[in-house]
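Text of model_9.pdb (PDB, C-alpha atoms) as supplied:
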```
ATOM      1  CA  MET A   1      25.840  -4.454   5.804
ATOM      2  CA  PHE A   2      23.892  -1.690   4.068
ATOM      3  CA  ILE A   3      21.145  -4.114   2.971
ATOM      4  CA  GLY A   4      20.759  -5.345   6.567
ATOM      5  CA  PHE A   5      20.333  -1.740   7.718
ATOM      6  CA  ARG A   6      17.592  -1.227   5.132
ATOM      7  CA  LEU A   7      15.816  -4.399   6.207
ATOM      8  CA  VAL A   8      15.895  -3.343   9.865
ATOM      9  CA  LEU A   9      14.500   0.098   9.031
ATOM     10  CA  SER A  10      11.809  -1.487   6.864
ATOM     11  CA  ALA A  11      10.787  -3.837   9.674
ATOM     12  CA  ILE A  12      10.629  -0.943  12.130
ATOM     13  CA  SER A  13       8.439   1.102   9.784
ATOM     14  CA  ILE A  14       6.076  -1.847   9.224
ATOM     15  CA  LEU A  15       5.769  -2.373  12.984
ATOM     16  CA  LEU A  16       5.075   1.332  13.500
ATOM     17  CA  CYS A  17       2.349   1.223  10.843
ATOM     18  CA  LEU A  18       0.731  -1.791  12.515
ATOM     19  CA  VAL A  19       0.810  -0.097  15.924
ATOM     20  CA  LEU A  20      -0.773   3.069  14.528
ATOM     21  CA  PHE A  21      -3.424   1.072  12.649
ATOM     22  CA  LYS A  22      -4.369  -0.778  15.851
ATOM     23  CA  LYS A  23      -4.594   2.547  17.716
ATOM     24  CA  ILE A  24      -6.928   3.906  15.054
ATOM     25  CA  LYS A  25      -9.079   0.763  15.148
ATOM     26  CA  LYS A  26      -9.513   1.063  18.940
ATOM     27  CA  ILE A  27     -11.151   4.479  18.638
ATOM     28  CA  LYS A  28     -14.924   4.098  18.562
ATOM     29  CA  VAL A  29     -16.868   5.932  15.886
ATOM     30  CA  GLY A  30     -19.987   6.338  17.986
ATOM     31  CA  HIS A  31     -22.353   7.209  15.148
ATOM     32  CA  GLU A  32     -24.128   4.407  13.332
ATOM     33  CA  ARG A  33     -24.800   6.463  10.197
ATOM     34  CA  ILE A  34     -21.140   7.483   9.900
ATOM     35  CA  GLU A  35     -20.106   3.833  10.189
ATOM     36  CA  GLU A  36     -22.627   2.868   7.507
ATOM     37  CA  ILE A  37     -21.439   5.527   5.061
ATOM     38  CA  ALA A  38     -17.798   4.702   5.815
ATOM     39  CA  SER A  39     -18.415   1.034   5.058
ATOM     40  CA  TYR A  40     -19.947   1.959   1.683
ATOM     41  CA  ILE A  41     -16.968   4.163   0.850
ATOM     42  CA  HIS A  42     -14.536   1.465   1.973
ATOM     43  CA  ASP A  43     -16.281  -1.258  -0.028
ATOM     44  CA  GLY A  44     -16.306   0.893  -3.159
ATOM     45  CA  ALA A  45     -12.673   1.889  -2.828
ATOM     46  CA  MET A  46     -11.559  -1.701  -2.255
ATOM     47  CA  ALA A  47     -13.569  -2.876  -5.277
ATOM     48  CA  PHE A  48     -11.837  -0.203  -7.352
ATOM     49  CA  MET A  49      -8.424  -1.217  -6.018
ATOM     50  CA  ARG A  50      -9.011  -4.901  -6.754
ATOM     51  CA  ARG A  51     -10.079  -4.083 -10.304
ATOM     52  CA  GLN A  52      -7.120  -1.755 -10.807
ATOM     53  CA  TYR A  53      -4.663  -4.313  -9.424
ATOM     54  CA  ARG A  54      -6.030  -7.022 -11.724
ATOM     55  CA  ILE A  55      -4.840  -4.881 -14.630
ATOM     56  CA  ILE A  56      -1.577  -3.722 -13.033
ATOM     57  CA  ILE A  57      -0.497  -7.284 -12.198
ATOM     58  CA  TYR A  58      -0.376  -8.128 -15.899
ATOM     59  CA  PHE A  59       1.620  -4.988 -16.611
ATOM     60  CA  ALA A  60       4.125  -5.796 -13.847
ATOM     61  CA  LEU A  61       4.545  -9.377 -15.058
ATOM     62  CA  ILE A  62       5.036  -8.281 -18.684
ATOM     63  CA  VAL A  63       7.599  -5.630 -17.740
ATOM     64  CA  GLY A  64       9.325  -8.137 -15.449
ATOM     65  CA  GLY A  65       9.434 -10.643 -18.291
ATOM     66  CA  LEU A  66      10.875  -8.037 -20.653
ATOM     67  CA  LEU A  67      13.521  -7.124 -18.088
ATOM     68  CA  ALA A  68      14.449 -10.780 -17.728
ATOM     69  CA  MET A  69      14.689 -11.225 -21.499
ATOM     70  CA  THR A  70      17.011  -8.226 -21.896
ATOM     71  CA  GLU A  71      19.733 -10.436 -20.487
ATOM     72  CA  PHE A  72      19.796 -12.252 -23.825
ATOM     73  CA  ILE A  73      20.435  -9.089 -25.892
ATOM     74  CA  PRO A  74      24.161  -9.061 -26.719
ATOM     75  CA  ALA A  75      24.414  -5.251 -26.681
ATOM     76  CA  LEU A  76      23.108  -5.170 -23.087
ATOM     77  CA  GLU A  77      25.344  -7.927 -21.769
ATOM     78  CA  GLY A  78      26.771  -6.873 -18.427
ATOM     79  CA  ALA A  79      24.664  -3.695 -18.252
ATOM     80  CA  GLU A  80      23.213  -2.679 -14.903
ATOM     81  CA  GLY A  81      19.452  -2.749 -14.377
ATOM     82  CA  VAL A  82      18.673  -5.554 -16.807
ATOM     83  CA  GLY A  83      18.398  -9.302 -16.460
ATOM     84  CA  TRP A  84      16.625 -11.737 -14.216
ATOM     85  CA  LYS A  85      17.757 -10.090 -10.968
ATOM     86  CA  SER A  86      16.265  -6.775 -12.018
ATOM     87  CA  ALA A  87      13.092  -8.540 -13.136
ATOM     88  CA  ILE A  88      12.676 -10.184  -9.740
ATOM     89  CA  ALA A  89      13.365  -6.889  -7.960
ATOM     90  CA  PHE A  90      10.793  -5.118 -10.150
ATOM     91  CA  VAL A  91       8.051  -7.700  -9.569
ATOM     92  CA  VAL A  92       8.710  -7.896  -5.813
ATOM     93  CA  GLY A  93       8.728  -4.083  -5.617
ATOM     94  CA  ALA A  94       5.426  -3.923  -7.498
ATOM     95  CA  LEU A  95       3.940  -6.512  -5.142
ATOM     96  CA  PHE A  96       4.936  -4.620  -2.006
ATOM     97  CA  SER A  97       3.824  -1.338  -3.530
ATOM     98  CA  GLY A  98       0.398  -2.873  -4.106
ATOM     99  CA  LEU A  99       0.227  -4.201  -0.562
ATOM    100  CA  ALA A 100       1.175  -0.787   0.797
ATOM    101  CA  GLY A 101      -1.574   0.803  -1.299
ATOM    102  CA  MET A 102      -4.186  -1.593   0.057
ATOM    103  CA  GLY A 103      -3.032  -0.934   3.614
ATOM    104  CA  ARG A 104      -3.064   2.802   3.032
ATOM    105  CA  HIS A 105      -6.639   2.705   1.774
ATOM    106  CA  ALA A 106      -7.819   0.553   4.683
ATOM    107  CA  THR A 107      -6.181   2.885   7.203
ATOM    108  CA  ARG A 108      -7.426   6.017   5.490
ATOM    109  CA  HIS A 109     -11.047   4.905   5.585
ATOM    110  CA  GLN A 110     -10.801   3.886   9.226
ATOM    111  CA  SER A 111      -9.296   7.215  10.250
ATOM    112  CA  GLN A 112     -11.686   9.336   8.173
ATOM    113  CA  SER A 113     -14.783   7.919   9.831
ATOM    114  CA  ARG A 114     -13.292   8.503  13.258
ATOM    115  CA  THR A 115     -12.284  12.055  12.377
ATOM    116  CA  THR A 116     -15.787  12.763  11.084
ATOM    117  CA  SER A 117     -17.312  11.373  14.267
ATOM    118  CA  ALA A 118     -14.993  13.434  16.463
ATOM    119  CA  ALA A 119     -15.745  16.610  14.485
ATOM    120  CA  ASN A 120     -19.472  15.878  14.762
ATOM    121  CA  THR A 121     -19.242  15.300  18.507
ATOM    122  CA  SER A 122     -16.613  17.805  19.612
ATOM    123  CA  GLY A 123     -16.573  20.357  16.832
ATOM    124  CA  MET A 124     -13.682  22.773  16.574
ATOM    125  CA  ARG A 125     -12.138  23.929  19.800
ATOM    126  CA  SER A 126     -11.057  27.516  20.280
ATOM    127  CA  PRO A 127      -7.487  28.110  21.449
TER     128      PRO A 127
END
```
Using the file provided, produce a representation of the structure as structure tokens.
Amino acid sequence: MFIGFRLVLSAISILLCLVLFKKIKKIKVGHERIEEIASYIHDGAMAFMRRQYRIIIYFALIVGGLLAMTEFIPALEGAEGVGWKSAIAFVVGALFSGLAGMGRHATRHQSQSRTTSAANTSGMRSP
């Protein structure tokens, strides 16, 4: 019951993120130079993320493997948080954390260029 509730809330939050991302993408930047600079920033950040994730994936797999192997240590038999189930949960959690990070970076760069364009066009409004 409680796991189903978590899954429903997770699905709702993912849908909300997709809706907001599509709303951001619909906003036109309007300045060619801002779009050019934003694409350079985005490309650099994504290259950094890919390089970082290539290293982190090995770390996650090693830690997951160690968690799985702890099941064979007699002193830890029956302990919570060790064993193959914990290893799978750790690796899946690391995977979704990485996907969320990539999505966050993509959204951030899209919104920053649009904010810059709006500030350039409209400036600050007085109350």
Give as a list in words the residues that the PyMOL selection byres ((chain A and resi 89-99) around 9) matches when applied to the coordinates above.
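On the file shown, the PyMOL selection byres ((chain A and resi 89-99) around 9) covers Tyr53, Ile56, Ile57, Ala60, Leu61, Val63, Gly64, Leu67, Trp84, Lys85, Ser86, Ala87, Ile88, Ala100, Gly101, Met102, Gly103 and Arg104 of chain A.
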Straight-line distance linking CA of Ala118 in chain A with CA of His42 in chain A, stated in Å to one decimal:
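So the answer is 18.8 Å.
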Can you list what the PyMOL selection byres ((chain A and resi 21) around 12) grabs from this structure, as a PDB file with C-alpha atoms, in the coordinates of the input?
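Okay, expr25.pdb is ready:
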```
ATOM      1  CA  ILE A  14       6.076  -1.847   9.224  1.00  0.00           C
ATOM      2  CA  LEU A  15       5.769  -2.373  12.984  1.00  0.00           C
ATOM      3  CA  LEU A  16       5.075   1.332  13.500  1.00  0.00           C
ATOM      4  CA  CYS A  17       2.349   1.223  10.843  1.00  0.00           C
ATOM      5  CA  LEU A  18       0.731  -1.791  12.515  1.00  0.00           C
ATOM      6  CA  VAL A  19       0.810  -0.097  15.924  1.00  0.00           C
ATOM      7  CA  LEU A  20      -0.773   3.069  14.528  1.00  0.00           C
ATOM      8  CA  LYS A  22      -4.369  -0.778  15.851  1.00  0.00           C
ATOM      9  CA  LYS A  23      -4.594   2.547  17.716  1.00  0.00           C
ATOM     10  CA  ILE A  24      -6.928   3.906  15.054  1.00  0.00           C
ATOM     11  CA  LYS A  25      -9.079   0.763  15.148  1.00  0.00           C
ATOM     12  CA  LYS A  26      -9.513   1.063  18.940  1.00  0.00           C
ATOM     13  CA  ILE A  27     -11.151   4.479  18.638  1.00  0.00           C
ATOM     14  CA  GLY A 103      -3.032  -0.934   3.614  1.00  0.00           C
ATOM     15  CA  ARG A 104      -3.064   2.802   3.032  1.00  0.00           C
ATOM     16  CA  HIS A 105      -6.639   2.705   1.774  1.00  0.00           C
ATOM     17  CA  ALA A 106      -7.819   0.553   4.683  1.00  0.00           C
ATOM     18  CA  THR A 107      -6.181   2.885   7.203  1.00  0.00           C
ATOM     19  CA  ARG A 108      -7.426   6.017   5.490  1.00  0.00           C
ATOM     20  CA  HIS A 109     -11.047   4.905   5.585  1.00  0.00           C
ATOM     21  CA  GLN A 110     -10.801   3.886   9.226  1.00  0.00           C
ATOM     22  CA  SER A 111      -9.296   7.215  10.250  1.00  0.00           C
TER      23      SER A 111
END
```
Taking 4 positions as the minimum chain separation for residues in the same chain, which residues sit within 10 Å of Ile73 in chain A when counting all atoms listed in the file? Answer as a ChimeraX atom specification.
/A:69,77,82-83
In Å, rounded to a single decimal, give me how far CA of Gly44 in chain A is from CA of Ser122 in chain A.
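Separating CA of Ser122 in chain A from CA of Gly44 in chain A is a distance of 28.4 Å.
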Rounded to one decimal, what separation in Å do you get between CA of Met46 in chain A and CA of Leu7 in chain A?
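Here the two named atoms are 28.8 Å from each other.
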For Ile34 in chain A, which of A:Gln112, A:Ser13, A:Thr70, A:Gly123 is the closest residue, counting all atoms listed in the file?
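Of A:Gln112, A:Ser13, A:Thr70, A:Gly123, the one nearest Ile34 in chain A, counting all atoms listed in the file, is A:Gln112.
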